[in-house]
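What follows is the content of entry-v8.txt (compact mmCIF, C-alpha atoms and all ligand atoms).
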# COMPACT_ATOMS: atom_id res chain seq x y z
CA MET M 15 -22.19 -7.04 96.04
CA THR M 16 -24.86 -5.43 93.84
CA THR M 17 -27.61 -3.54 95.66
CA VAL M 18 -30.93 -3.56 93.85
CA ALA M 19 -34.51 -2.28 94.02
CA VAL M 20 -37.48 -4.02 92.41
CA ILE M 21 -40.20 -1.67 91.17
CA GLY M 22 -43.53 -3.39 90.53
CA CYS M 23 -44.33 -6.47 92.61
CA GLY M 24 -46.96 -8.18 90.46
CA ARG M 25 -46.96 -11.52 88.63
CA ILE M 26 -43.62 -11.43 86.83
CA ALA M 27 -41.91 -10.18 89.99
CA ASN M 28 -43.51 -12.95 92.03
CA ASN M 29 -43.09 -15.79 89.51
CA ALA M 30 -39.71 -14.94 88.03
CA HIS M 31 -37.52 -12.10 89.28
CA PHE M 32 -37.79 -12.27 93.09
CA PRO M 33 -37.04 -16.04 93.07
CA ALA M 34 -34.18 -15.43 90.61
CA LEU M 35 -32.67 -12.51 92.51
CA CYS M 36 -33.01 -14.29 95.86
CA SER M 37 -31.12 -17.29 94.49
CA LEU M 38 -28.18 -15.24 93.24
CA GLU M 39 -25.11 -14.70 95.36
CA ASP M 40 -23.84 -11.19 96.02
CA VAL M 41 -27.22 -9.52 95.43
CA ARG M 42 -28.71 -7.34 98.14
CA ILE M 43 -32.41 -6.53 97.63
CA LYS M 44 -32.71 -3.24 99.45
CA TYR M 45 -36.22 -2.29 98.25
CA ALA M 46 -39.40 -3.92 97.02
CA CYS M 47 -41.64 -1.17 95.68
CA ASP M 48 -45.27 -1.22 94.57
CA ILE M 49 -47.92 1.50 94.53
CA ILE M 50 -50.11 -1.16 96.14
CA GLU M 51 -48.21 -1.67 99.39
CA GLU M 52 -49.70 -5.12 100.12
CA LYS M 53 -48.09 -6.51 96.96
CA ALA M 54 -44.62 -5.45 98.09
CA LEU M 55 -45.33 -6.65 101.65
CA GLU M 56 -46.38 -10.04 100.27
CA GLN M 57 -42.97 -10.37 98.62
CA LYS M 58 -41.15 -9.39 101.80
CA GLU M 59 -43.07 -12.06 103.66
CA LYS M 60 -42.02 -14.66 101.06
CA HIS M 61 -38.43 -13.44 100.85
CA PRO M 62 -37.20 -12.15 104.21
CA GLN M 63 -33.94 -10.92 102.63
CA ILE M 64 -35.90 -8.01 101.11
CA GLU M 65 -34.88 -5.15 103.39
CA ASN M 66 -37.50 -2.45 102.84
CA VAL M 67 -40.99 -2.05 101.40
CA ILE M 68 -41.81 1.26 99.72
CA THR M 69 -44.62 2.66 97.60
CA ASP M 70 -42.69 5.56 96.02
CA TYR M 71 -39.92 4.36 93.69
CA LYS M 72 -38.13 7.73 93.96
CA ILE M 73 -36.96 6.70 97.44
CA ALA M 74 -34.92 3.90 95.85
CA LEU M 75 -33.69 6.15 93.05
CA ASN M 76 -32.45 8.72 95.58
CA ASP M 77 -30.55 6.09 97.55
CA PRO M 78 -26.86 6.15 96.55
CA GLU M 79 -26.45 2.53 97.72
CA VAL M 80 -28.76 1.28 94.97
CA ASP M 81 -26.80 0.20 91.87
CA ALA M 82 -29.60 -1.17 89.73
CA VAL M 83 -33.39 -1.35 89.51
CA TRP M 84 -35.78 -3.88 88.00
CA VAL M 85 -38.75 -2.19 86.28
CA LEU M 86 -41.57 -4.75 86.43
CA THR M 87 -44.55 -2.46 86.09
CA PRO M 88 -47.24 -2.64 83.37
CA ASN M 89 -46.07 -1.44 79.95
CA TYR M 90 -47.43 2.11 80.35
CA ALA M 91 -45.01 2.83 83.21
CA HIS M 92 -41.83 1.34 81.66
CA TYR M 93 -40.78 4.59 79.97
CA THR M 94 -41.23 6.98 82.91
CA VAL M 95 -39.81 4.74 85.60
CA THR M 96 -36.84 3.67 83.43
CA MET M 97 -36.01 7.22 82.35
CA ASP M 98 -36.22 8.43 85.97
CA ALA M 99 -33.95 5.58 87.06
CA ILE M 100 -31.35 6.21 84.36
CA ARG M 101 -31.33 9.93 85.14
CA ALA M 102 -30.76 9.00 88.78
CA GLY M 103 -27.66 7.06 87.66
CA LYS M 104 -29.07 3.54 88.05
CA HIS M 105 -28.58 0.58 85.73
CA VAL M 106 -31.97 -0.79 84.67
CA MET M 107 -33.41 -4.19 83.86
CA CYS M 108 -36.83 -3.38 82.34
CA GLU M 109 -39.40 -6.04 81.47
CA LYS M 110 -40.53 -6.55 77.86
CA PRO M 111 -41.77 -4.82 75.72
CA ILE M 112 -39.29 -1.93 75.96
CA THR M 113 -42.27 0.41 76.08
CA VAL M 114 -45.49 1.12 74.16
CA ASN M 115 -43.87 2.21 70.87
CA TYR M 116 -40.59 2.42 68.97
CA PRO M 117 -39.84 6.17 69.17
CA LEU M 118 -40.01 6.09 72.98
CA SER M 119 -37.88 2.91 72.98
CA CYS M 120 -35.20 4.82 71.04
CA GLU M 121 -35.32 7.63 73.61
CA MET M 122 -34.72 5.12 76.40
CA ALA M 123 -31.75 3.64 74.54
CA GLU M 124 -30.33 7.09 73.88
CA GLU M 125 -30.58 8.10 77.55
CA ALA M 126 -28.75 4.94 78.68
CA ARG M 127 -26.10 5.52 76.00
CA LYS M 128 -25.66 9.15 77.03
CA LEU M 129 -25.23 8.35 80.70
CA GLY M 130 -23.16 5.21 80.15
CA LEU M 131 -25.54 2.89 82.01
CA MET M 132 -26.66 -0.66 81.29
CA LEU M 133 -30.30 -0.91 80.20
CA ASN M 134 -31.46 -4.47 79.63
CA ILE M 135 -34.86 -5.63 78.41
CA GLY M 136 -36.63 -8.77 79.66
CA VAL M 137 -36.56 -10.66 76.36
CA CYS M 138 -35.84 -13.71 78.47
CA ASN M 139 -35.80 -16.24 75.62
CA ARG M 140 -32.31 -15.07 74.69
CA HIS M 141 -31.30 -16.98 77.84
CA HIS M 142 -33.45 -20.03 77.08
CA GLU M 143 -31.39 -23.18 76.57
CA SER M 144 -33.24 -24.17 73.36
CA VAL M 145 -32.74 -20.74 71.82
CA ILE M 146 -29.03 -20.81 72.65
CA ARG M 147 -28.67 -24.34 71.16
CA LEU M 148 -30.60 -23.48 68.01
CA LYS M 149 -28.58 -20.31 67.47
CA ASN M 150 -25.31 -22.27 67.86
CA SER M 151 -26.50 -24.99 65.50
CA ILE M 152 -27.48 -22.48 62.80
CA GLU M 153 -24.15 -20.64 63.25
CA LYS M 154 -22.28 -23.96 62.80
CA GLY M 155 -24.04 -24.39 59.42
CA GLU M 156 -26.16 -27.38 60.44
CA PHE M 157 -29.24 -25.86 58.79
CA GLY M 158 -27.44 -24.60 55.67
CA ASN M 159 -29.20 -21.53 54.36
CA VAL M 160 -32.13 -20.66 56.63
CA TYR M 161 -34.49 -19.18 54.06
CA HIS M 162 -37.78 -19.01 55.95
CA VAL M 163 -39.14 -18.97 59.50
CA TYR M 164 -42.78 -19.61 60.31
CA CYS M 165 -44.18 -18.90 63.74
CA SER M 166 -47.48 -19.46 65.43
CA PHE M 167 -48.46 -18.02 68.79
CA ARG M 168 -52.12 -18.95 68.86
CA ALA M 169 -54.31 -19.87 71.79
CA PHE M 170 -58.00 -20.64 72.23
CA ARG M 171 -59.25 -18.09 74.81
CA SER M 172 -56.38 -16.28 76.50
CA ILE M 173 -57.06 -12.54 76.40
CA PRO M 174 -55.42 -11.28 79.62
CA GLY M 175 -57.12 -8.83 81.99
CA LEU M 176 -59.90 -7.91 79.55
CA GLY M 177 -60.76 -4.21 79.79
CA GLY M 178 -57.67 -3.44 81.90
CA PRO M 179 -54.19 -2.19 80.95
CA PHE M 180 -53.42 -5.26 78.79
CA THR M 181 -56.24 -4.48 76.31
CA ASN M 182 -55.99 -0.67 76.33
CA LYS M 183 -53.71 0.37 73.46
CA LYS M 184 -52.65 3.61 75.12
CA GLN M 185 -51.47 1.68 78.16
CA SER M 186 -50.09 -1.50 76.58
CA GLY M 187 -49.04 -0.41 73.08
CA GLY M 188 -51.08 -3.28 71.60
CA GLY M 189 -52.38 -6.78 72.17
CA VAL M 190 -51.13 -10.23 71.23
CA LEU M 191 -48.37 -8.86 68.99
CA ILE M 192 -46.67 -6.70 71.60
CA ASP M 193 -47.42 -9.07 74.49
CA TRP M 194 -46.58 -12.50 72.99
CA GLY M 195 -45.20 -11.62 69.57
CA VAL M 196 -42.44 -9.58 71.21
CA HIS M 197 -40.89 -12.82 72.53
CA PHE M 198 -41.27 -14.72 69.26
CA PHE M 199 -39.89 -12.03 66.98
CA ASP M 200 -37.08 -11.16 69.33
CA LEU M 201 -35.92 -14.77 69.55
CA ILE M 202 -36.21 -15.24 65.78
CA LEU M 203 -34.11 -12.16 64.95
CA TYR M 204 -31.64 -13.19 67.64
CA ILE M 205 -31.32 -16.78 66.37
CA LEU M 206 -30.93 -15.50 62.80
CA GLY M 207 -27.93 -13.51 64.02
CA GLY M 208 -29.25 -9.97 64.12
CA ALA M 209 -31.33 -9.98 60.92
CA LYS M 210 -32.06 -6.50 59.53
CA LEU M 211 -35.54 -5.59 58.31
CA LYS M 212 -36.30 -4.96 54.63
CA ASN M 213 -40.09 -4.68 54.53
CA VAL M 214 -43.19 -5.93 56.34
CA THR M 215 -46.92 -6.29 55.85
CA CYS M 216 -49.47 -7.09 58.51
CA ASP M 217 -53.18 -7.29 59.36
CA ALA M 218 -54.48 -6.97 62.91
CA TYR M 219 -57.95 -7.86 64.19
CA CYS M 220 -59.87 -7.07 67.36
CA GLU M 221 -62.74 -9.55 66.97
CA MET M 222 -63.16 -11.93 69.86
CA ALA M 223 -64.16 -9.55 72.66
CA LYS M 224 -65.67 -6.62 70.76
CA ASP M 225 -68.52 -7.07 73.21
CA MET M 226 -66.50 -7.58 76.37
CA LYS M 227 -69.50 -8.80 78.39
CA ALA M 228 -70.18 -11.55 75.85
CA TYR M 229 -66.59 -12.88 75.83
CA LYS M 230 -66.42 -16.38 77.28
CA THR M 231 -63.36 -18.01 78.78
CA GLU M 232 -62.61 -20.70 81.32
CA TYR M 233 -59.51 -18.97 82.65
CA MET M 234 -58.40 -15.35 82.39
CA TRP M 235 -54.73 -14.55 83.00
CA ALA M 236 -54.45 -11.25 84.98
CA ARG M 237 -58.16 -11.30 85.84
CA ASP M 238 -57.41 -8.99 88.79
CA THR M 239 -56.64 -6.16 86.33
CA SER M 240 -59.74 -6.80 84.18
CA ASP M 241 -62.41 -4.08 83.94
CA ILE M 242 -65.24 -5.29 81.76
CA GLU M 243 -67.73 -2.67 83.04
CA ASN M 244 -65.72 0.51 82.44
CA GLY M 245 -62.54 -0.52 80.64
CA VAL M 246 -61.34 -0.52 77.05
CA ASN M 247 -60.49 -3.30 74.58
CA ASP M 248 -59.00 -1.77 71.43
CA VAL M 249 -56.04 -4.06 70.76
CA ASP M 250 -55.21 -6.93 68.39
CA ASP M 251 -56.43 -10.36 69.46
CA PHE M 252 -55.37 -11.85 66.10
CA ILE M 253 -52.44 -10.82 63.96
CA THR M 254 -50.98 -12.14 60.73
CA GLY M 255 -48.28 -10.97 58.37
CA TYR M 256 -45.13 -11.34 56.39
CA ILE M 257 -41.62 -9.98 57.01
CA ARG M 258 -38.61 -9.75 54.71
CA THR M 259 -35.17 -9.41 56.26
CA ASP M 260 -31.63 -9.48 54.89
CA LYS M 261 -31.58 -13.12 56.07
CA ALA M 262 -34.73 -15.29 56.16
CA SER M 263 -38.29 -14.23 55.42
CA ILE M 264 -40.78 -14.73 58.25
CA SER M 265 -44.52 -15.50 58.18
CA PHE M 266 -46.68 -15.64 61.26
CA ASN M 267 -50.08 -15.95 62.89
CA GLY M 268 -50.79 -14.95 66.48
CA ALA M 269 -54.00 -15.15 68.50
CA TRP M 270 -54.71 -14.25 72.10
CA ALA M 271 -58.06 -15.82 71.35
CA GLN M 272 -59.58 -17.72 68.42
CA ASN M 273 -62.44 -20.10 67.80
CA VAL M 274 -60.12 -23.05 67.20
CA GLY M 275 -59.56 -25.00 70.37
CA LYS M 276 -55.89 -25.83 69.84
CA ASP M 277 -53.02 -23.86 71.29
CA GLU M 278 -50.11 -23.79 68.85
CA MET M 279 -46.99 -22.06 70.09
CA PHE M 280 -43.99 -22.92 67.96
CA VAL M 281 -41.37 -21.61 65.56
CA ASP M 282 -40.23 -23.53 62.44
CA PHE M 283 -36.79 -22.77 61.01
CA LEU M 284 -36.48 -23.95 57.39
CA GLY M 285 -32.98 -24.42 56.05
CA ASP M 286 -31.84 -26.09 52.81
CA LYS M 287 -29.80 -28.67 54.79
CA GLY M 288 -31.93 -29.02 57.89
CA GLY M 289 -34.98 -27.72 59.68
CA ALA M 290 -36.30 -27.49 63.21
CA ARG M 291 -39.45 -26.92 65.17
CA LEU M 292 -39.00 -25.12 68.49
CA GLU M 293 -41.96 -25.69 70.81
CA TYR M 294 -42.06 -22.33 72.54
CA GLY M 295 -40.42 -22.46 75.98
CA LYS M 296 -39.64 -26.16 75.52
CA LEU M 297 -37.36 -28.38 73.42
CA TYR M 298 -36.80 -28.49 69.68
CA GLU M 299 -36.71 -31.22 67.05
CA PHE M 300 -34.28 -31.28 64.13
CA TRP M 301 -34.64 -32.90 60.71
CA ASN M 302 -31.45 -33.46 58.71
CA GLY M 303 -32.11 -33.22 54.97
CA SER M 304 -28.93 -35.04 53.89
CA ASP M 305 -29.55 -38.39 55.65
CA LEU M 306 -33.26 -37.89 56.47
CA SER M 307 -32.52 -38.42 60.18
CA HIS M 308 -34.59 -36.89 62.94
CA ALA M 309 -33.33 -35.85 66.36
CA ALA M 310 -35.32 -34.82 69.40
CA PRO M 311 -32.56 -34.07 71.90
CA GLU M 312 -33.47 -33.97 75.57
CA TYR M 313 -31.63 -31.60 77.84
CA ASP M 314 -32.17 -29.63 81.00
CA ILE M 315 -33.60 -26.16 80.65
CA PRO M 316 -32.09 -24.00 83.39
CA ASN M 317 -34.23 -21.15 84.72
CA MET M 318 -33.98 -18.46 82.03
CA TYR M 319 -34.94 -15.62 84.37
CA LYS M 320 -32.10 -16.51 86.71
CA ARG M 321 -29.72 -16.58 83.75
CA GLU M 322 -31.15 -13.29 82.48
CA ASP M 323 -30.80 -11.53 85.84
CA LYS M 324 -27.32 -12.91 86.45
CA ALA M 325 -26.16 -11.87 82.98
CA PHE M 326 -27.43 -8.34 83.65
CA ILE M 327 -25.60 -8.12 86.98
CA ASP M 328 -22.43 -9.52 85.39
CA SER M 329 -22.67 -6.92 82.60
CA ILE M 330 -22.74 -4.14 85.20
CA SER M 331 -19.50 -5.33 86.76
CA SER M 332 -17.74 -6.22 83.50
CA GLY M 333 -18.98 -3.22 81.50
CA ILE M 334 -19.66 -5.63 78.60
CA LYS M 335 -23.19 -5.49 77.20
CA ASP M 336 -25.21 -8.69 77.55
CA ALA M 337 -27.45 -10.10 74.77
CA ASN M 338 -30.48 -8.43 76.39
CA ASN M 339 -29.00 -4.94 76.24
CA ILE M 340 -31.48 -2.52 74.68
CA GLU M 341 -29.05 -1.84 71.83
CA TYR M 342 -29.61 -5.40 70.60
CA VAL M 343 -33.38 -5.37 71.22
CA LEU M 344 -34.23 -2.21 69.28
CA GLU M 345 -34.53 -4.07 65.95
CA SER M 346 -37.37 -6.24 67.27
CA ALA M 347 -39.07 -3.12 68.74
CA LYS M 348 -38.75 -1.49 65.31
CA LEU M 349 -40.34 -4.59 63.78
CA LEU M 350 -43.33 -4.51 66.15
CA GLN M 351 -43.89 -0.83 65.35
CA ALA M 352 -43.69 -1.46 61.60
CA LEU M 353 -46.18 -4.34 61.85
CA TYR M 354 -48.64 -2.14 63.74
CA ASP M 355 -48.10 0.72 61.27
CA SER M 356 -48.70 -1.64 58.35
CA ALA M 357 -51.90 -2.99 59.94
CA GLU M 358 -53.17 0.53 60.60
CA THR M 359 -52.40 1.94 57.14
CA LYS M 360 -53.12 -1.34 55.29
CA LYS M 361 -49.85 -0.80 53.42
CA GLU M 362 -46.45 -2.42 53.28
CA ILE M 363 -43.77 -0.67 55.37
CA SER M 364 -40.36 -0.60 53.72
CA PHE M 365 -36.91 0.11 55.21
CA GLU M 366 -35.04 0.03 51.90
N1 LIG J 401 -40.72 -11.81 80.40
C1 LIG J 401 -41.88 -12.40 80.50
O1 LIG J 401 -42.03 -13.58 80.16
C2 LIG J 401 -43.07 -11.64 81.06
C3 LIG J 401 -44.17 -12.35 81.53
C4 LIG J 401 -45.23 -11.62 82.09
C5 LIG J 401 -45.20 -10.24 82.12
N2 LIG J 401 -44.11 -9.57 81.61
C6 LIG J 401 -44.06 -8.09 81.60
O2 LIG J 401 -43.89 -7.66 82.94
C7 LIG J 401 -44.58 -6.44 83.17
C8 LIG J 401 -45.50 -6.60 84.36
O3 LIG J 401 -46.44 -7.61 84.08
P1 LIG J 401 -47.22 -8.34 85.27
O4 LIG J 401 -48.02 -9.42 84.63
O5 LIG J 401 -46.28 -8.68 86.37
O6 LIG J 401 -48.20 -7.16 85.72
P2 LIG J 401 -48.90 -6.96 87.15
O7 LIG J 401 -50.04 -6.03 86.90
O8 LIG J 401 -49.17 -8.29 87.78
O9 LIG J 401 -47.77 -6.24 88.03
C9 LIG J 401 -47.35 -4.93 87.83
C10 LIG J 401 -47.22 -4.26 89.20
O10 LIG J 401 -46.65 -2.97 89.01
C11 LIG J 401 -47.25 -2.10 89.97
N3 LIG J 401 -47.02 -0.72 89.55
C12 LIG J 401 -47.62 -0.02 88.56
N4 LIG J 401 -47.09 1.23 88.47
C13 LIG J 401 -46.13 1.32 89.43
C14 LIG J 401 -45.26 2.34 89.86
N5 LIG J 401 -45.25 3.54 89.26
N6 LIG J 401 -44.41 2.09 90.89
C15 LIG J 401 -44.42 0.89 91.51
N7 LIG J 401 -45.24 -0.12 91.16
C16 LIG J 401 -46.09 0.08 90.13
C17 LIG J 401 -48.70 -2.53 90.00
O11 LIG J 401 -49.34 -2.12 91.18
C18 LIG J 401 -48.56 -4.05 89.91
O12 LIG J 401 -48.51 -4.67 91.18
C19 LIG J 401 -45.32 -6.13 81.87
O13 LIG J 401 -44.64 -5.18 81.14
C20 LIG J 401 -45.35 -7.46 81.12
O14 LIG J 401 -45.33 -7.30 79.71
C21 LIG J 401 -43.04 -10.25 81.11

The structure in this file should be written as C-alpha cells.
Amino acid sequence: MTTVAVIGCGRIANNAHFPALCSLEDVRIKYACDIIEEKALEQKEKHPQIENVITDYKIALNDPEVDAVWVLTPNYAHYTVTMDAIRAGKHVMCEKPITVNYPLSCEMAEEARKLGLMLNIGVCNRHHESVIRLKNSIEKGEFGNVYHVYCSFRAFRSIPGLGGPFTNKKQSGGGVLIDWGVHFFDLILYILGGAKLKNVTCDAYCEMAKDMKAYKTEYMWARDTSDIENGVNDVDDFITGYIRTDKASISFNGAWAQNVGKDEMFVDFLGDKGGARLEYGKLYEFWNGSDLSHAAPEYDIPNMYKREDKAFIDSISSGIKDANNIEYVLESAKLLQALYDSAETKKEISFE
C-alpha cells in the first residue's frame, strides 16, 4: 500500500490525477490539500476515499505515513513545495513544467539525487500509447534515419487565464512554449531516444493580448485565474525556432493565439525510409517510402495519467526510475531555457 497526499486540487487534479489515483489498487489517499479549502472539499465529495482535507501541505509532509506527494500547483509553487517534500523524505510526482527555469530544475534533481528519492515530472505523453508505438517503430528501424522533426502547436484563441499566473512570466516561466511546448519537445526528444542538444535559435512574440481588455475569445481555459484589470501578460503567445541535436533537427511553430482560425497540433517525423504524422494526443499515420503504402492504425489509447501515476508508484517500490523521472526530463527543460534565452538575446545558443 502506498500512502499519498495530493497538493493542489485544481483542474489537472480534478480531470486527471484524482480519477487516476482513485482507480489504482493499493493507493491510500490520506490528504487532499489546497490553500482554497473548498477545492479540496470538492474532491473529497467526489472521491469519498480521500481521508482528510487540509490547507497547509506541511501537515502531510510531517506525517510519517505519507510515502509520496503529487505537486499539482501552478508552476510558481512547484519548486518550493517539491523541495520541501523531498527534504521531508517524500517521493514526489510534480506536474510539468519542472519549474519556471532550468537552473531551479537542476536544483530539484540534485536534491532528489542526494536524498535518494524518486522525483517524477508530469510529462504524461511518455505514457501515451501513440508515443510508445512511434518510439518502438523508430527503434526497430521502420523510419530509417529520422533526419528532421517538424511540430506545430498552434491554436486560434487559447490564451489561458489572461492576466493571471499563466501569463505572468515570473509565476509561469513563460507562455505557450513552457505550457504546451514542454509536452511537444519532451515527447520528441523521448521518441528520438534521448537526443542531445547541439544548438538552438528562437523568436518569441507577445502580440495577441498586448492590450488585455481588447483581447477577444469565445472560450478562455482557466478563466477563473484571469485578472485582466490588475494582472500581467508578459509571456510568449507565439514562438518559432530551429533546434539541432545529435540526432534529428527540429523546426517548430507554436501559438496560444493567432489570427488564423485553424488549430494545428501535430508532430511530423521525417525518416529516409518512412515518415509519420502524430496528431497530438491522438493516433498517428505512417507512410512507407519503399512501397509507397500508407497506414493509419487504429488502437485503444489507455488513460495516460493512470499509466503515469501507476508507473511512478511502481518505481517507488522497485527502486527503478521510470521514464518520467526528472533525470530523463532535464534535457527538455534545458531546451526550453535555451529557446527562451535565444529569443531574449536574439542569438543562437550553442552547447558545443
Ligand atoms: N500534464 C498535463 O497535461 C497538464 C495539464 C494542465 C495543467 N498541468 C500543470 O498542472 C499544474 C496545475 O495546473 P492547473 O490547471 O490544475 O491549475 P489550477 O490553478 O486549476 O490548480 C492549481 C491549484 O493549486 C492550488 N495551490 C496553489 N498553491 C498551493 C499551495 N502552496 N498549497 C496547496 N495548494 C496550492 C491552487 O489554489 C489551485 O487550486 C500546472 O503546473 C500546469 O502546468 C499539466

Ligand LIG 401 (chain J): which residues are within 6 Å, counting only C-alpha atoms and all ligand atoms? Reply as an mmCIF file with C-alpha atoms, in the coordinates of the input.
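Result went into out-v3.cif, see below:
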data_model
loop_
_atom_site.group_PDB
_atom_site.id
_atom_site.type_symbol
_atom_site.label_atom_id
_atom_site.label_comp_id
_atom_site.auth_asym_id
_atom_site.auth_seq_id
_atom_site.Cartn_x
_atom_site.Cartn_y
_atom_site.Cartn_z
ATOM 1 C CA ILE M 21 -40.200 -1.670 91.170
ATOM 2 C CA GLY M 22 -43.530 -3.390 90.530
ATOM 3 C CA CYS M 23 -44.330 -6.470 92.610
ATOM 4 C CA GLY M 24 -46.960 -8.180 90.460
ATOM 5 C CA ARG M 25 -46.960 -11.520 88.630
ATOM 6 C CA ILE M 26 -43.620 -11.430 86.830
ATOM 7 C CA ALA M 27 -41.910 -10.180 89.990
ATOM 8 C CA CYS M 47 -41.640 -1.170 95.680
ATOM 9 C CA ASP M 48 -45.270 -1.220 94.570
ATOM 10 C CA ILE M 49 -47.920 1.500 94.530
ATOM 11 C CA ILE M 50 -50.110 -1.160 96.140
ATOM 12 C CA TYR M 71 -39.920 4.360 93.690
ATOM 13 C CA LEU M 86 -41.570 -4.750 86.430
ATOM 14 C CA THR M 87 -44.550 -2.460 86.090
ATOM 15 C CA PRO M 88 -47.240 -2.640 83.370
ATOM 16 C CA ASN M 89 -46.070 -1.440 79.950
ATOM 17 C CA ALA M 91 -45.010 2.830 83.210
ATOM 18 C CA GLU M 109 -39.400 -6.040 81.470
ATOM 19 C CA LYS M 110 -40.530 -6.550 77.860
ATOM 20 C CA PRO M 111 -41.770 -4.820 75.720
ATOM 21 C CA GLY M 136 -36.630 -8.770 79.660
ATOM 22 C CA VAL M 137 -36.560 -10.660 76.360
ATOM 23 C CA CYS M 138 -35.840 -13.710 78.470
ATOM 24 C CA ASP M 193 -47.420 -9.070 74.490
#

**OP:** Find the residues near M:Tyr298: any atom within 12 Å, counting only C-alpha atoms, skip ones fewer than 6 places away on the same chain, and give them as a list in words.
**Re:**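 Contacts, with the query itself left out: His142, Glu143, Ser144, Val145, Ile146, Arg147, Leu148, Lys149, Ser151, Phe280, Val281, Asp282, Phe283, Gly289, Ala290, Arg291, Leu292, His308, Ala309, Ala310, Pro311, Glu312, Tyr313 and Ile315 of chain M.
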
Subject >> Given all atoms listed in the file as the counted atoms, nearest of M:Val274, M:Ile253, M:Ala337, M:Ile205 to M:Glu358 >> reply: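 Of the candidates, the smallest distance to M:Glu358 is held by M:Ile253.
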
Subject >> Counting only C-alpha atoms, the option among M:Gln351, M:Thr17, M:Ser304, M:Ser329 closest to M:Ile43 >> reply: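 Selected residue with least distance to M:Ile43: M:Thr17.
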
Padding 5 Å on each side, edges along x, y and z: where is the centre of the box around the listed atoms of stretch 234-246 of chain M, and how long are its edges in Å to one decimal? Output it as lines of an AutoDock Vina configuration file.
center_x = -61.1
center_y = -7.4
center_z = 82.9
size_x = 23.3
size_y = 25.9
size_z = 21.7

Could you give me, as CSV, every stretch 247-342 of chain M residue with an atom at most 12 Å from stretch 226-235 of chain M, plus its closest atom pair and distance in Å to one decimal, counting all atoms listed in the file, rows ordered by chain then number?
residue,atom,partner,partner_atom,distance
M:Asn247,CA,M:Met226,CA,7.6
M:Asp248,CA,M:Met226,CA,10.7
M:Trp270,CA,M:Trp235,CA,10.9
M:Ala271,CA,M:Thr231,CA,9.4
M:Gln272,CA,M:Thr231,CA,11.0
M:Asn273,CA,M:Lys230,CA,10.9
M:Gly275,CA,M:Thr231,CA,11.6

Original post:
Can you tell me how far atom CA of M:Phe300 sits from atom CA of M:Trp194, in Å to one decimal?
Top reply: 24.1 Å

Subject >> Å distance separating atom CA of M:Lys261 from atom CA of M:Asn115, one decimal place >> reply: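 Those two atoms sit 24.6 Å apart.
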
**OP:** Select, counting only C-alpha atoms, all protein, DNA and RNA residues no farther than 9 Å from (-42.8, 7.2, 79.3) in file coordinates, and express the selection as a count of residues only.
**Re:** 12

Original post:
Out of M:Lys361, M:Lys335, M:Lys183, M:Lys72, which residue has the shortest atom-to-atom distance to M:Gly130 when counting all atoms listed in the file?
Top reply: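 Of M:Lys361, M:Lys335, M:Lys183, M:Lys72, the one nearest M:Gly130, counting all atoms listed in the file, is M:Lys335.
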
Subject >> Distance of atom CA of M:Ala169 from atom CA of M:Ala223, expressed in Å to one decimal place >> reply: 14.3 Å

Original post:
Which of these, M:Thr215, M:Ser331, M:Asn28, M:Thr239, has the shortest distance to M:Met132 once you count all atoms listed in the file?
Top reply: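 Selected residue with least distance to M:Met132: M:Ser331.
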
Subject >> Using all atoms listed in the file: which of M:Leu297, M:Leu353, M:Ala347, M:Ile192 has the shortest distance to M:Ser265 >> reply: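 Looking at the shortest contact to M:Ser265, the residue is M:Leu353.
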
Sphere at (-55.2, -7.7, 70.2), radius 6 Å, counting only C-alpha atoms: residues as a compact mmCIF listing (two decimals) with C-alpha atoms, in the coordinates of the input:
# COMPACT_ATOMS: atom_id res chain seq x y z
CA GLY M 189 -52.38 -6.78 72.17
CA VAL M 190 -51.13 -10.23 71.23
CA CYS M 220 -59.87 -7.07 67.36
CA VAL M 249 -56.04 -4.06 70.76
CA ASP M 250 -55.21 -6.93 68.39
CA ASP M 251 -56.43 -10.36 69.46
CA PHE M 252 -55.37 -11.85 66.10

Subject >> Residue among M:Leu176, M:Met107, M:Ile327, M:Ala123 lying closest to M:Glu39, counting all atoms listed in the file >> reply: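 For M:Glu39, the nearest of the given residues is M:Ile327.
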
Original post:
Could you name the residues that touch M:Ile100 at 8 Å or less, counting all atoms listed in the file, but leaving out those on the same chain fewer than 6 positions away, as a PyMOL selection string?
Top reply: chain M and resi 106+125-126+129+131
